[in-house]
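Shown here: start_29.cif, mmCIF, C-alpha atoms.
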```
data_upload
loop_
_atom_site.group_PDB
_atom_site.id
_atom_site.type_symbol
_atom_site.label_atom_id
_atom_site.label_comp_id
_atom_site.auth_asym_id
_atom_site.auth_seq_id
_atom_site.Cartn_x
_atom_site.Cartn_y
_atom_site.Cartn_z
ATOM 1 C CA MET S 926 7.727 4.294 -28.381
ATOM 2 C CA SER S 927 7.567 0.497 -28.341
ATOM 3 C CA LEU S 928 6.457 -1.394 -25.229
ATOM 4 C CA PRO S 929 9.981 -2.677 -24.313
ATOM 5 C CA GLN S 930 11.401 0.850 -24.634
ATOM 6 C CA TRP S 931 8.556 2.259 -22.553
ATOM 7 C CA ILE S 932 9.148 -0.385 -19.850
ATOM 8 C CA ALA S 933 12.897 0.367 -19.843
ATOM 9 C CA VAL S 934 12.217 4.082 -19.350
ATOM 10 C CA ARG S 935 9.751 3.355 -16.544
ATOM 11 C CA VAL S 936 12.201 1.005 -14.797
ATOM 12 C CA ALA S 937 15.003 3.575 -15.021
ATOM 13 C CA THR S 938 12.702 6.290 -13.695
ATOM 14 C CA GLY S 939 11.581 4.012 -10.877
ATOM 15 C CA ALA S 940 15.178 3.203 -9.913
ATOM 16 C CA ALA S 941 16.039 6.904 -9.774
ATOM 17 C CA THR S 942 12.917 7.590 -7.697
ATOM 18 C CA LEU S 943 13.799 4.783 -5.288
ATOM 19 C CA THR S 944 17.334 6.101 -4.879
ATOM 20 C CA ALA S 945 16.037 9.594 -4.157
ATOM 21 C CA LEU S 946 13.549 8.143 -1.657
ATOM 22 C CA CYS S 947 16.273 6.302 0.243
ATOM 23 C CA ALA S 948 18.440 9.435 0.356
ATOM 24 C CA LEU S 949 15.486 11.517 1.573
ATOM 25 C CA VAL S 950 14.592 8.990 4.288
ATOM 26 C CA PHE S 951 18.216 8.852 5.455
ATOM 27 C CA TRP S 952 18.430 12.634 5.606
ATOM 28 C CA ALA S 953 15.103 12.898 7.449
ATOM 29 C CA THR S 954 16.300 10.350 10.018
ATOM 30 C CA GLU S 955 19.565 12.233 10.467
ATOM 31 C CA VAL S 956 17.935 15.580 11.239
ATOM 32 C CA LEU S 957 15.651 14.104 13.907
ATOM 33 C CA PRO S 958 16.830 14.810 17.476
ATOM 34 C CA GLY S 959 18.609 11.915 19.182
ATOM 35 C CA ASP S 960 19.975 8.669 17.755
ATOM 36 C CA ALA S 961 20.077 4.941 18.449
ATOM 37 C CA VAL S 962 22.758 5.368 21.137
ATOM 38 C CA GLY S 963 20.178 6.242 23.764
ATOM 39 C CA ALA S 964 18.075 3.144 22.997
ATOM 40 C CA VAL S 965 21.115 0.840 23.166
ATOM 41 C CA SER S 966 23.050 2.296 26.116
ATOM 42 C CA GLY S 967 20.038 3.152 28.291
ATOM 43 C CA PRO S 968 19.140 6.334 30.178
ATOM 44 C CA GLY S 969 21.742 5.857 32.949
ATOM 45 C CA ALA S 970 24.813 5.477 30.723
ATOM 46 C CA THR S 971 27.806 7.737 31.228
ATOM 47 C CA ASP S 972 29.303 9.901 28.491
ATOM 48 C CA ALA S 973 32.153 7.431 28.072
ATOM 49 C CA GLU S 974 29.752 4.516 27.691
ATOM 50 C CA ARG S 975 27.671 6.435 25.193
ATOM 51 C CA ALA S 976 30.803 7.321 23.206
ATOM 52 C CA ALA S 977 31.815 3.654 23.156
ATOM 53 C CA VAL S 978 28.378 2.617 21.935
ATOM 54 C CA ARG S 979 28.415 5.347 19.296
ATOM 55 C CA SER S 980 31.751 4.091 17.997
ATOM 56 C CA ALA S 981 30.608 0.446 18.042
ATOM 57 C CA LEU S 982 27.508 1.321 16.022
ATOM 58 C CA GLY S 983 29.542 3.335 13.526
ATOM 59 C CA LEU S 984 27.666 6.527 14.270
ATOM 60 C CA ASP S 985 30.895 8.450 14.768
ATOM 61 C CA ARG S 986 31.445 8.412 10.992
ATOM 62 C CA SER S 987 30.068 11.033 8.638
ATOM 63 C CA ALA S 988 26.526 10.721 7.314
ATOM 64 C CA PRO S 989 27.512 10.460 3.601
ATOM 65 C CA GLU S 990 29.977 7.693 4.411
ATOM 66 C CA ARG S 991 27.347 5.688 6.268
ATOM 67 C CA PHE S 992 24.739 6.232 3.559
ATOM 68 C CA PHE S 993 26.936 5.108 0.665
ATOM 69 C CA GLU S 994 28.122 2.098 2.653
ATOM 70 C CA TRP S 995 24.499 1.107 3.268
ATOM 71 C CA ALA S 996 23.519 1.751 -0.372
ATOM 72 C CA GLY S 997 26.400 -0.386 -1.636
ATOM 73 C CA GLY S 998 25.343 -3.247 0.595
ATOM 74 C CA ALA S 999 21.673 -2.883 -0.370
ATOM 75 C CA LEU S 1000 22.582 -3.290 -4.048
ATOM 76 C CA GLN S 1001 24.049 -6.677 -3.097
ATOM 77 C CA GLY S 1002 21.042 -7.679 -0.989
ATOM 78 C CA ASP S 1003 22.661 -6.766 2.346
ATOM 79 C CA PHE S 1004 20.485 -4.260 4.216
ATOM 80 C CA GLY S 1005 22.804 -4.053 7.195
ATOM 81 C CA THR S 1006 22.220 -4.776 10.872
ATOM 82 C CA SER S 1007 19.669 -3.233 13.197
ATOM 83 C CA LEU S 1008 21.391 -0.774 15.524
ATOM 84 C CA VAL S 1009 19.039 -1.588 18.402
ATOM 85 C CA SER S 1010 18.347 -5.331 18.217
ATOM 86 C CA GLY S 1011 21.516 -6.396 16.400
ATOM 87 C CA ARG S 1012 19.490 -8.576 14.021
ATOM 88 C CA ASP S 1013 20.060 -8.701 10.297
ATOM 89 C CA VAL S 1014 17.642 -6.254 8.676
ATOM 90 C CA GLY S 1015 16.821 -8.780 5.949
ATOM 91 C CA GLU S 1016 15.650 -11.252 8.589
ATOM 92 C CA VAL S 1017 13.459 -8.605 10.231
ATOM 93 C CA LEU S 1018 11.900 -7.764 6.863
ATOM 94 C CA ALA S 1019 11.166 -11.435 6.175
ATOM 95 C CA ASP S 1020 9.581 -11.877 9.619
ATOM 96 C CA ARG S 1021 7.356 -8.795 9.336
ATOM 97 C CA ALA S 1022 6.308 -9.096 5.690
ATOM 98 C CA GLY S 1023 3.899 -11.955 6.395
ATOM 99 C CA ALA S 1024 1.865 -9.908 8.872
ATOM 100 C CA SER S 1025 1.603 -7.013 6.418
ATOM 101 C CA LEU S 1026 0.440 -9.311 3.622
ATOM 102 C CA ALA S 1027 -2.127 -10.842 5.994
ATOM 103 C CA VAL S 1028 -3.826 -7.432 6.093
ATOM 104 C CA LEU S 1029 -3.069 -6.084 2.612
ATOM 105 C CA VAL S 1030 -4.314 -9.107 0.640
ATOM 106 C CA PRO S 1031 -7.789 -9.359 2.268
ATOM 107 C CA ALA S 1032 -8.192 -5.569 2.070
ATOM 108 C CA ALA S 1033 -7.353 -5.564 -1.648
ATOM 109 C CA VAL S 1034 -9.749 -8.458 -2.282
ATOM 110 C CA LEU S 1035 -12.568 -6.699 -0.408
ATOM 111 C CA ILE S 1036 -12.032 -3.523 -2.412
ATOM 112 C CA LEU S 1037 -11.823 -5.418 -5.712
ATOM 113 C CA VAL S 1038 -15.062 -7.332 -5.080
ATOM 114 C CA PHE S 1039 -17.265 -4.697 -3.482
ATOM 115 C CA ALA S 1040 -15.859 -1.405 -4.809
ATOM 116 C CA GLY S 1041 -15.396 -3.004 -8.211
ATOM 117 C CA GLY S 1042 -18.925 -4.377 -8.359
ATOM 118 C CA LEU S 1043 -20.569 -1.181 -7.139
ATOM 119 C CA GLY S 1044 -18.345 0.946 -9.383
ATOM 120 C CA VAL S 1045 -19.368 -1.020 -12.458
ATOM 121 C CA LEU S 1046 -23.037 -0.839 -11.441
ATOM 122 C CA ALA S 1047 -22.886 2.929 -10.883
ATOM 123 C CA GLY S 1048 -20.958 3.489 -14.118
ATOM 124 C CA VAL S 1049 -23.362 1.495 -16.282
ATOM 125 C CA ARG S 1050 -26.264 3.459 -14.813
ATOM 126 C CA ALA S 1051 -24.470 6.809 -14.735
ATOM 127 C CA GLY S 1052 -26.778 9.685 -13.882
ATOM 128 C CA SER S 1053 -29.483 7.475 -12.390
ATOM 129 C CA ARG S 1054 -30.782 7.669 -8.844
ATOM 130 C CA LEU S 1055 -28.802 4.558 -7.940
ATOM 131 C CA ASP S 1056 -25.617 6.155 -9.252
ATOM 132 C CA LYS S 1057 -26.230 9.282 -7.188
ATOM 133 C CA ILE S 1058 -26.882 7.248 -4.034
ATOM 134 C CA LEU S 1059 -23.772 5.111 -4.450
ATOM 135 C CA SER S 1060 -21.514 8.031 -5.394
ATOM 136 C CA GLY S 1061 -22.853 10.286 -2.658
ATOM 137 C CA SER S 1062 -22.555 7.641 0.055
ATOM 138 C CA THR S 1063 -18.832 7.224 -0.607
ATOM 139 C CA LEU S 1064 -17.944 10.904 -0.230
ATOM 140 C CA GLY S 1065 -17.626 10.534 3.535
ATOM 141 C CA LEU S 1066 -15.189 7.639 3.204
ATOM 142 C CA ILE S 1067 -12.993 9.530 0.730
ATOM 143 C CA GLY S 1068 -12.456 12.438 3.110
ATOM 144 C CA THR S 1069 -11.979 10.333 6.265
ATOM 145 C CA PRO S 1070 -8.382 9.535 7.296
ATOM 146 C CA ASP S 1071 -7.417 5.911 7.891
ATOM 147 C CA PHE S 1072 -6.786 6.433 11.601
ATOM 148 C CA LEU S 1073 -10.323 7.780 12.125
ATOM 149 C CA ILE S 1074 -11.854 4.801 10.330
ATOM 150 C CA ALA S 1075 -9.711 2.425 12.391
ATOM 151 C CA THR S 1076 -10.637 4.218 15.620
ATOM 152 C CA ALA S 1077 -14.342 4.035 14.781
ATOM 153 C CA LEU S 1078 -14.058 0.292 14.136
ATOM 154 C CA LEU S 1079 -12.213 -0.149 17.418
ATOM 155 C CA LEU S 1080 -15.002 1.599 19.307
ATOM 156 C CA LEU S 1081 -17.710 -0.341 17.474
ATOM 157 C CA PHE S 1082 -16.301 -3.870 17.678
ATOM 158 C CA THR S 1083 -14.339 -3.776 20.938
ATOM 159 C CA LEU S 1084 -16.359 -1.514 23.252
ATOM 160 C CA TRP S 1085 -19.969 -1.311 22.033
ATOM 161 C CA TRP S 1086 -20.078 -4.757 20.415
ATOM 162 C CA PRO S 1087 -17.025 -6.681 21.746
ATOM 163 C CA VAL S 1088 -16.761 -9.547 19.288
ATOM 164 C CA LEU S 1089 -13.247 -8.953 17.926
ATOM 165 C CA PRO S 1090 -9.880 -8.337 19.622
ATOM 166 C CA ALA S 1091 -8.778 -4.710 19.826
ATOM 167 C CA VAL S 1092 -5.064 -5.605 19.687
ATOM 168 C CA ALA S 1093 -3.501 -8.131 17.353
ATOM 169 C CA VAL S 1094 -1.842 -10.493 19.822
ATOM 170 C CA VAL S 1095 0.105 -13.078 17.809
ATOM 171 C CA PRO S 1096 2.121 -15.702 19.737
ATOM 172 C CA LEU S 1097 5.853 -15.705 19.070
ATOM 173 C CA GLY S 1098 6.760 -17.837 16.090
ATOM 174 C CA GLU S 1099 3.229 -17.932 14.696
ATOM 175 C CA SER S 1100 1.726 -16.112 11.731
ATOM 176 C CA PRO S 1101 -1.337 -13.820 11.756
ATOM 177 C CA TRP S 1102 -2.777 -16.177 9.132
ATOM 178 C CA GLN S 1103 -3.159 -18.711 11.962
ATOM 179 C CA HIS S 1104 -5.304 -16.246 13.921
ATOM 180 C CA PRO S 1105 -7.845 -14.780 11.448
ATOM 181 C CA ASP S 1106 -9.718 -12.896 14.159
ATOM 182 C CA VAL S 1107 -6.794 -10.515 14.722
ATOM 183 C CA ILE S 1108 -6.669 -9.413 11.075
ATOM 184 C CA VAL S 1109 -10.389 -8.786 10.531
ATOM 185 C CA LEU S 1110 -10.475 -5.245 11.934
ATOM 186 C CA PRO S 1111 -7.146 -4.084 10.387
ATOM 187 C CA ALA S 1112 -8.129 -5.460 6.974
ATOM 188 C CA LEU S 1113 -11.598 -3.919 7.208
ATOM 189 C CA ALA S 1114 -10.185 -0.531 8.244
ATOM 190 C CA LEU S 1115 -7.719 -0.604 5.363
ATOM 191 C CA ALA S 1116 -10.407 -1.666 2.874
ATOM 192 C CA LEU S 1117 -12.803 1.081 3.957
ATOM 193 C CA GLY S 1118 -10.017 3.644 3.598
ATOM 194 C CA GLY S 1119 -9.604 2.838 -0.097
ATOM 195 C CA PHE S 1120 -13.178 1.838 -0.881
ATOM 196 C CA GLY S 1121 -14.674 5.226 -1.740
ATOM 197 C CA SER S 1122 -11.956 6.526 -4.053
ATOM 198 C CA THR S 1123 -11.642 3.182 -5.853
ATOM 199 C CA MET S 1124 -15.396 2.887 -6.437
ATOM 200 C CA ARG S 1125 -15.612 6.395 -7.866
ATOM 201 C CA LEU S 1126 -12.568 5.844 -10.108
ATOM 202 C CA LEU S 1127 -14.021 2.623 -11.482
ATOM 203 C CA ARG S 1128 -17.408 4.289 -11.882
ATOM 204 C CA ALA S 1129 -15.774 7.024 -13.971
ATOM 205 C CA CYS S 1130 -13.955 4.445 -16.134
ATOM 206 C CA VAL S 1131 -17.125 2.481 -16.831
ATOM 207 C CA ALA S 1132 -19.238 5.597 -17.415
ATOM 208 C CA GLN S 1133 -16.708 6.803 -19.984
ATOM 209 C CA ALA S 1134 -16.746 3.383 -21.649
ATOM 210 C CA THR S 1135 -20.548 3.532 -22.007
ATOM 211 C CA ARG S 1136 -20.122 6.707 -24.063
ATOM 212 C CA SER S 1137 -17.559 5.158 -26.405
ATOM 213 C CA PRO S 1138 -18.424 4.514 -30.081
ATOM 214 C CA TYR S 1139 -18.009 0.777 -29.508
ATOM 215 C CA ALA S 1140 -20.643 0.754 -26.722
ATOM 216 C CA GLU S 1141 -22.941 2.916 -28.832
ATOM 217 C CA PHE S 1142 -22.569 0.475 -31.729
ATOM 218 C CA ALA S 1143 -23.468 -2.396 -29.397
ATOM 219 C CA ARG S 1144 -26.619 -0.628 -28.218
ATOM 220 C CA LEU S 1145 -27.715 0.193 -31.753
ATOM 221 C CA ASN S 1146 -27.356 -3.463 -32.686
ATOM 222 C CA GLY S 1147 -29.536 -4.572 -29.797
ATOM 223 C CA ILE S 1148 -26.731 -5.965 -27.665
ATOM 224 C CA LEU S 1149 -28.057 -5.507 -24.134
ATOM 225 C CA GLY S 1150 -27.949 -7.232 -20.771
ATOM 226 C CA PRO S 1151 -24.890 -9.356 -19.884
ATOM 227 C CA ARG S 1152 -23.403 -9.099 -23.385
ATOM 228 C CA TYR S 1153 -23.532 -5.301 -23.264
ATOM 229 C CA LEU S 1154 -22.041 -5.311 -19.769
ATOM 230 C CA ARG S 1155 -19.143 -7.465 -20.965
ATOM 231 C CA THR S 1156 -18.612 -5.034 -23.851
ATOM 232 C CA VAL S 1157 -18.473 -2.026 -21.532
ATOM 233 C CA VAL S 1158 -16.255 -3.717 -18.930
ATOM 234 C CA SER S 1159 -13.794 -4.916 -21.586
ATOM 235 C CA ASN S 1160 -13.409 -1.350 -22.860
ATOM 236 C CA ALA S 1161 -13.003 0.002 -19.325
ATOM 237 C CA ALA S 1162 -10.559 -2.723 -18.296
ATOM 238 C CA GLY S 1163 -7.384 -0.739 -19.061
ATOM 239 C CA PRO S 1164 -8.195 2.390 -17.031
ATOM 240 C CA ALA S 1165 -9.781 0.213 -14.315
ATOM 241 C CA VAL S 1166 -6.612 -1.845 -13.879
ATOM 242 C CA HIS S 1167 -4.593 1.361 -13.610
ATOM 243 C CA ALA S 1168 -7.003 2.706 -10.971
ATOM 244 C CA PHE S 1169 -6.846 -0.547 -9.002
ATOM 245 C CA SER S 1170 -3.032 -0.581 -9.059
ATOM 246 C CA VAL S 1171 -2.957 2.991 -7.695
ATOM 247 C CA MET S 1172 -5.342 1.931 -4.925
ATOM 248 C CA THR S 1173 -3.264 -1.142 -4.078
ATOM 249 C CA ALA S 1174 -0.094 0.929 -3.870
ATOM 250 C CA GLY S 1175 -1.919 3.357 -1.590
ATOM 251 C CA LEU S 1176 -2.757 0.492 0.778
ATOM 252 C CA LEU S 1177 0.934 0.176 1.615
ATOM 253 C CA GLY S 1178 0.934 3.665 3.099
ATOM 254 C CA GLY S 1179 -2.358 3.129 4.895
ATOM 255 C CA GLY S 1180 -1.010 -0.130 6.303
ATOM 256 C CA ILE S 1181 1.552 1.796 8.363
ATOM 257 C CA VAL S 1182 -1.214 3.633 10.236
ATOM 258 C CA VAL S 1183 -3.470 0.593 10.615
ATOM 259 C CA GLU S 1184 -0.719 -1.753 11.810
ATOM 260 C CA THR S 1185 0.402 0.768 14.400
ATOM 261 C CA LEU S 1186 -3.111 1.335 15.744
ATOM 262 C CA PHE S 1187 -3.915 -2.376 16.000
ATOM 263 C CA ASN S 1188 -0.426 -3.344 17.206
ATOM 264 C CA LEU S 1189 -0.059 -5.748 14.287
ATOM 265 C CA PRO S 1190 3.612 -6.790 13.921
ATOM 266 C CA GLY S 1191 4.033 -5.944 10.253
ATOM 267 C CA LEU S 1192 6.400 -3.757 8.270
ATOM 268 C CA GLY S 1193 4.464 -0.564 9.056
ATOM 269 C CA TYR S 1194 4.450 -1.306 12.779
ATOM 270 C CA GLU S 1195 8.172 -2.055 12.712
ATOM 271 C CA LEU S 1196 8.839 1.143 10.760
ATOM 272 C CA THR S 1197 7.236 3.333 13.427
ATOM 273 C CA ARG S 1198 9.286 1.599 16.122
ATOM 274 C CA ALA S 1199 12.484 1.995 14.124
ATOM 275 C CA VAL S 1200 11.840 5.715 13.613
ATOM 276 C CA GLY S 1201 11.247 6.116 17.345
ATOM 277 C CA THR S 1202 14.591 4.500 18.203
ATOM 278 C CA ARG S 1203 16.448 6.134 15.271
ATOM 279 C CA ASP S 1204 17.375 2.687 13.943
ATOM 280 C CA VAL S 1205 18.550 4.030 10.578
ATOM 281 C CA PRO S 1206 19.425 0.725 8.812
ATOM 282 C CA LEU S 1207 16.027 -0.712 9.706
ATOM 283 C CA VAL S 1208 14.214 2.461 8.616
ATOM 284 C CA GLN S 1209 16.149 2.426 5.354
ATOM 285 C CA GLY S 1210 15.472 -1.264 4.706
ATOM 286 C CA ILE S 1211 11.719 -1.033 5.316
ATOM 287 C CA SER S 1212 11.446 2.177 3.290
ATOM 288 C CA LEU S 1213 13.311 0.547 0.407
ATOM 289 C CA VAL S 1214 11.039 -2.510 0.440
ATOM 290 C CA LEU S 1215 7.821 -0.470 0.658
ATOM 291 C CA GLY S 1216 9.050 1.951 -2.019
ATOM 292 C CA ALA S 1217 10.081 -0.864 -4.350
ATOM 293 C CA ALA S 1218 6.759 -2.657 -3.811
ATOM 294 C CA THR S 1219 4.870 0.551 -4.609
ATOM 295 C CA LEU S 1220 6.811 1.131 -7.813
ATOM 296 C CA LEU S 1221 6.431 -2.502 -8.921
ATOM 297 C CA ILE S 1222 2.664 -2.424 -8.342
ATOM 298 C CA LEU S 1223 2.308 0.802 -10.302
ATOM 299 C CA LEU S 1224 4.563 -0.448 -13.106
ATOM 300 C CA GLY S 1225 2.690 -3.743 -13.339
ATOM 301 C CA GLY S 1226 -0.632 -1.940 -13.403
ATOM 302 C CA ASP S 1227 0.551 0.445 -16.114
ATOM 303 C CA ILE S 1228 1.850 -2.407 -18.277
ATOM 304 C CA VAL S 1229 -1.381 -4.401 -17.998
ATOM 305 C CA ALA S 1230 -3.479 -1.270 -18.594
ATOM 306 C CA ARG S 1231 -1.437 -0.384 -21.678
ATOM 307 C CA LEU S 1232 -1.848 -3.889 -23.103
ATOM 308 C CA LEU S 1233 -5.587 -3.954 -22.386
ATOM 309 C CA THR S 1234 -6.088 -0.483 -23.843
ATOM 310 C CA ARG S 1235 -4.193 -1.410 -27.018
ATOM 311 C CA ARG S 1236 -6.233 -4.604 -27.326
ATOM 312 C CA GLY S 1237 -9.466 -2.636 -26.844
ATOM 313 C CA VAL S 1238 -8.475 -0.171 -29.557
ATOM 314 C CA GLU S 1239 -7.593 -2.972 -31.956
ATOM 315 C CA THR S 1240 -10.872 -4.775 -31.221
ATOM 316 C CA SER S 1241 -12.916 -1.580 -31.672
ATOM 317 C CA SER S 1242 -11.270 -0.837 -34.973
#
```
How would this structure read if it were set down as structure tokens?
Amino acid sequence: MSLPQWIAVRVATGAATLTALCALVFWATEVLPGDAVGAVSGPGATDAERAAVRSALGLDRSAPERFFEWAGGALQGDFGTSLVSGRDVGEVLADRAGASLAVLVPAAVLILVFAGGLGVLAGVRAGSRLDKILSGSTLGLIGTPDFLIATALLLLFTLWWPVLPAVAVVPLGESPWQHPDVIVLPALALALGGFGSTMRLLRACVAQATRSPYAEFARLNGILGPRYLRTVVSNAAGPAVHAFSVMTAGLLGGGIVVETLFNLPGLGYELTRAVGTRDVPLVQGISLVLGAATLLILLGGDIVARLLTRRGVETSS
């Protein structure tokens, strides 16, 4: 299968997956007890007032009708209106995306630099004492949930050593990028959550590359030191890019937990609030954006990995 055909199949599969995800999220929101009427009308509303609010929000229509109406609008870039705030969902997504990127980008950079460097070092020296120390020290991080890592950082840097804010307080109308201190702990918690698995994946990619015929040929010809390292890394580049794209996509899910714990006003934080108030259009819009971002990251990583792997094979031959 040629590369354009392979990309077309992946895009079609991704679109079907995204459609199924939206339908699943809508169904899951429907079966939860309660709806947005209670959040809009208030606890003291009468039955008549609640019925009027239900009709105004369109919740008196059938679930399939509401879902297909939302899906048709989403295909045209219209994600609907928040049932609770009355704001356009697209505007809410644009407002919250910046805060999420303020955490995701530094976390991804930290993982790329430190997990990547240590993974390459452990892979080149696979089986050595250094490799065993690095691989063994990351086992605890792999099995630790994101919320436990975030809680530990909160205790360390806000109670025992209070040098960073425990809650991300961002003034209205300003971006978290303007207040770097509020994103340090969330970014660090997110980076630590993906550090261990990424390092071990990259270590495995590099270790496998050191056993390749091309690396063996380089060693036999006396190519050592930096030149040998470049040879190994170039052969491991394809699988390493794939591993890094999987890690980056996983950060989107971890960001929901971290943003909620640190009260950071990003997409994950807004998603938990929307689920709590049964704000279905907002839940659907955020889920669609996060799902599409995940699929695009994975598709981009697969394409780059495929190109790098093909180039490595051609170079080796």
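Residue nearest Pro1164 in chain S, chosen from S:Leu1189, S:Val1208, S:Val1088, S:Ile1228 and counting all atoms listed in the file: S:Ile1228.
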Suppose you want the space between CA of Ala1027 in chain S and CA of Thr1173 in chain S; what is it in Å? 14.0 Å
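Around Ile1058 in chain S, within 12 Å and counting all atoms listed in the file, the residues found are Leu1043, Gly1044, Leu1046, Ala1047, Arg1050, Ala1051, Gly1052, Ser1053, Arg1054, Leu1055, Gly1061, Ser1062, Thr1063, Leu1064 and Arg1125 of chain S, once anything fewer than 3 positions away on its own chain is removed.
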Take the residues just selected and output them with C-alpha atoms as a compact mmCIF listing (two decimals), in the frame of the given file.
```txt
# COMPACT_ATOMS: atom_id res chain seq x y z
CA LEU S 1043 -20.57 -1.18 -7.14
CA GLY S 1044 -18.34 0.95 -9.38
CA LEU S 1046 -23.04 -0.84 -11.44
CA ALA S 1047 -22.89 2.93 -10.88
CA ARG S 1050 -26.26 3.46 -14.81
CA ALA S 1051 -24.47 6.81 -14.74
CA GLY S 1052 -26.78 9.68 -13.88
CA SER S 1053 -29.48 7.48 -12.39
CA ARG S 1054 -30.78 7.67 -8.84
CA LEU S 1055 -28.80 4.56 -7.94
CA GLY S 1061 -22.85 10.29 -2.66
CA SER S 1062 -22.56 7.64 0.06
CA THR S 1063 -18.83 7.22 -0.61
CA LEU S 1064 -17.94 10.90 -0.23
CA ARG S 1125 -15.61 6.40 -7.87
```
Surrounding residues of Leu982 in chain S excluding itself and chain neighbours under 5 positions, 12 Å, all atoms listed in the file, as a ChimeraX atom specification: /S:960-966,975-977,991,1005-1011,1204-1206
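From CA of Cys947 in chain S back to CA of Trp995 in chain S, the distance works out to 10.2 Å.
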Applying the PyMOL selection byres ((chain S and resi 1114) around 8) to the file I just gave you, which residues come out? Please list them as a PDB file with C-alpha atoms, keeping the file's coordinate frame.
```
ATOM      1  CA  ASP S1071      -7.417   5.911   7.891  1.00  0.00           C
ATOM      2  CA  ILE S1074     -11.854   4.801  10.330  1.00  0.00           C
ATOM      3  CA  ALA S1075      -9.711   2.425  12.391  1.00  0.00           C
ATOM      4  CA  LEU S1078     -14.058   0.292  14.136  1.00  0.00           C
ATOM      5  CA  LEU S1110     -10.475  -5.245  11.934  1.00  0.00           C
ATOM      6  CA  PRO S1111      -7.146  -4.084  10.387  1.00  0.00           C
ATOM      7  CA  ALA S1112      -8.129  -5.460   6.974  1.00  0.00           C
ATOM      8  CA  LEU S1113     -11.598  -3.919   7.208  1.00  0.00           C
ATOM      9  CA  LEU S1115      -7.719  -0.604   5.363  1.00  0.00           C
ATOM     10  CA  ALA S1116     -10.407  -1.666   2.874  1.00  0.00           C
ATOM     11  CA  LEU S1117     -12.803   1.081   3.957  1.00  0.00           C
ATOM     12  CA  GLY S1118     -10.017   3.644   3.598  1.00  0.00           C
ATOM     13  CA  VAL S1183      -3.470   0.593  10.615  1.00  0.00           C
TER      14      VAL S1183
END
```
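Closest approach to Pro1090 in chain S from the set S:Ala945, S:Gly1175, S:Asn1188, S:Asp1003 is made by S:Asn1188, with distances taken over all atoms listed in the file.
Evaluating the PyMOL selection byres ((chain S and resi 1210) around 8) against the shown model yields Phe1004, Val1014, Gly1015, Leu1018, Pro1206, Leu1207, Val1208, Gln1209, Ile1211, Ser1212, Leu1213 and Val1214 of chain S.
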Which polymer residues have any atom within 12 Å of an atom of Pro958 in chain S, counting all atoms listed in the file, with same-chain residues fewer than 6 positions away left out, as an MDAnalysis selection string? chainID S and resid 1200:1203
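Note that the spacing between CA of Phe1072 in chain S and CA of Ala1199 in chain S amounts to 19.9 Å.
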Return as AutoDock Vina command-line options the centre and edge lengths, in Å with one decimal, of the box along x, y and z that encloses every atom of range 1069-1081 of chain S in the file, padded by 5 Å per side.
```
--center_x -12.2 --center_y 5.0 --center_z 12.8 --size_x 20.9 --size_y 20.7 --size_z 23.0
```
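If all atoms listed in the file are the atoms counted, then among S:Val950, S:Val1034, S:Val1107, S:Ala1230 the closest residue to Leu1176 in chain S is S:Val1034.
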Which polymer residues have any atom within 8 Å of an atom of range 931-936 of chain S, counting only C-alpha atoms, with same-chain residues fewer than 4 positions away left out, as a VMD selection string? chain S and resid 926 to 927 940 1224 1228
Can you spit out the residues from that selection as an mmCIF file, in the coordinates of the input, using C-alpha atoms?
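Ended up saving to out_12.cif:
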```
data_model
loop_
_atom_site.group_PDB
_atom_site.id
_atom_site.type_symbol
_atom_site.label_atom_id
_atom_site.label_comp_id
_atom_site.auth_asym_id
_atom_site.auth_seq_id
_atom_site.Cartn_x
_atom_site.Cartn_y
_atom_site.Cartn_z
ATOM 1 C CA MET S 926 7.727 4.294 -28.381
ATOM 2 C CA SER S 927 7.567 0.497 -28.341
ATOM 3 C CA ALA S 940 15.178 3.203 -9.913
ATOM 4 C CA LEU S 1224 4.563 -0.448 -13.106
ATOM 5 C CA ILE S 1228 1.850 -2.407 -18.277
#
```
From the list S:Thr1185, S:Arg1021, S:Phe1169, S:Ala1217, the nearest residue to Val1038 in chain S using all atoms listed in the file is S:Phe1169
Specify as a tab-separated table (two decimals) with C-alpha atoms, in the frame of the given file each residue included when the PyMOL selection byres ((chain S and resi 1045) around 9) is applied to this file.
```
chain	number	residue	atom	x	y	z
S	1040	ALA	CA	-15.86	-1.40	-4.81
S	1041	GLY	CA	-15.40	-3.00	-8.21
S	1042	GLY	CA	-18.92	-4.38	-8.36
S	1043	LEU	CA	-20.57	-1.18	-7.14
S	1044	GLY	CA	-18.34	0.95	-9.38
S	1046	LEU	CA	-23.04	-0.84	-11.44
S	1047	ALA	CA	-22.89	2.93	-10.88
S	1048	GLY	CA	-20.96	3.49	-14.12
S	1049	VAL	CA	-23.36	1.50	-16.28
S	1050	ARG	CA	-26.26	3.46	-14.81
S	1124	MET	CA	-15.40	2.89	-6.44
S	1127	LEU	CA	-14.02	2.62	-11.48
S	1128	ARG	CA	-17.41	4.29	-11.88
S	1129	ALA	CA	-15.77	7.02	-13.97
S	1130	CYS	CA	-13.96	4.44	-16.13
S	1131	VAL	CA	-17.12	2.48	-16.83
S	1132	ALA	CA	-19.24	5.60	-17.42
S	1154	LEU	CA	-22.04	-5.31	-19.77
S	1158	VAL	CA	-16.26	-3.72	-18.93
```
Within 7 Å of Leu1089 in chain S, counting all atoms listed in the file, which residues show up once you throw out same-chain ones fewer than 3 positions away? Write them as a PyMOL selection string, please. chain S and resi 1082-1083+1106
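Using only C-alpha atoms, the shortest contact distance between Thr1219 in chain S and any of S:Gln930, S:Ser1137, S:Ser1122, S:Thr942 is found at S:Thr942.
When all atoms listed in the file are used to measure the gap to Ala1168 in chain S, the shortest distance among S:Pro1138, S:Pro1151, S:Gly1119, S:Gly1180 belongs to S:Gly1119.
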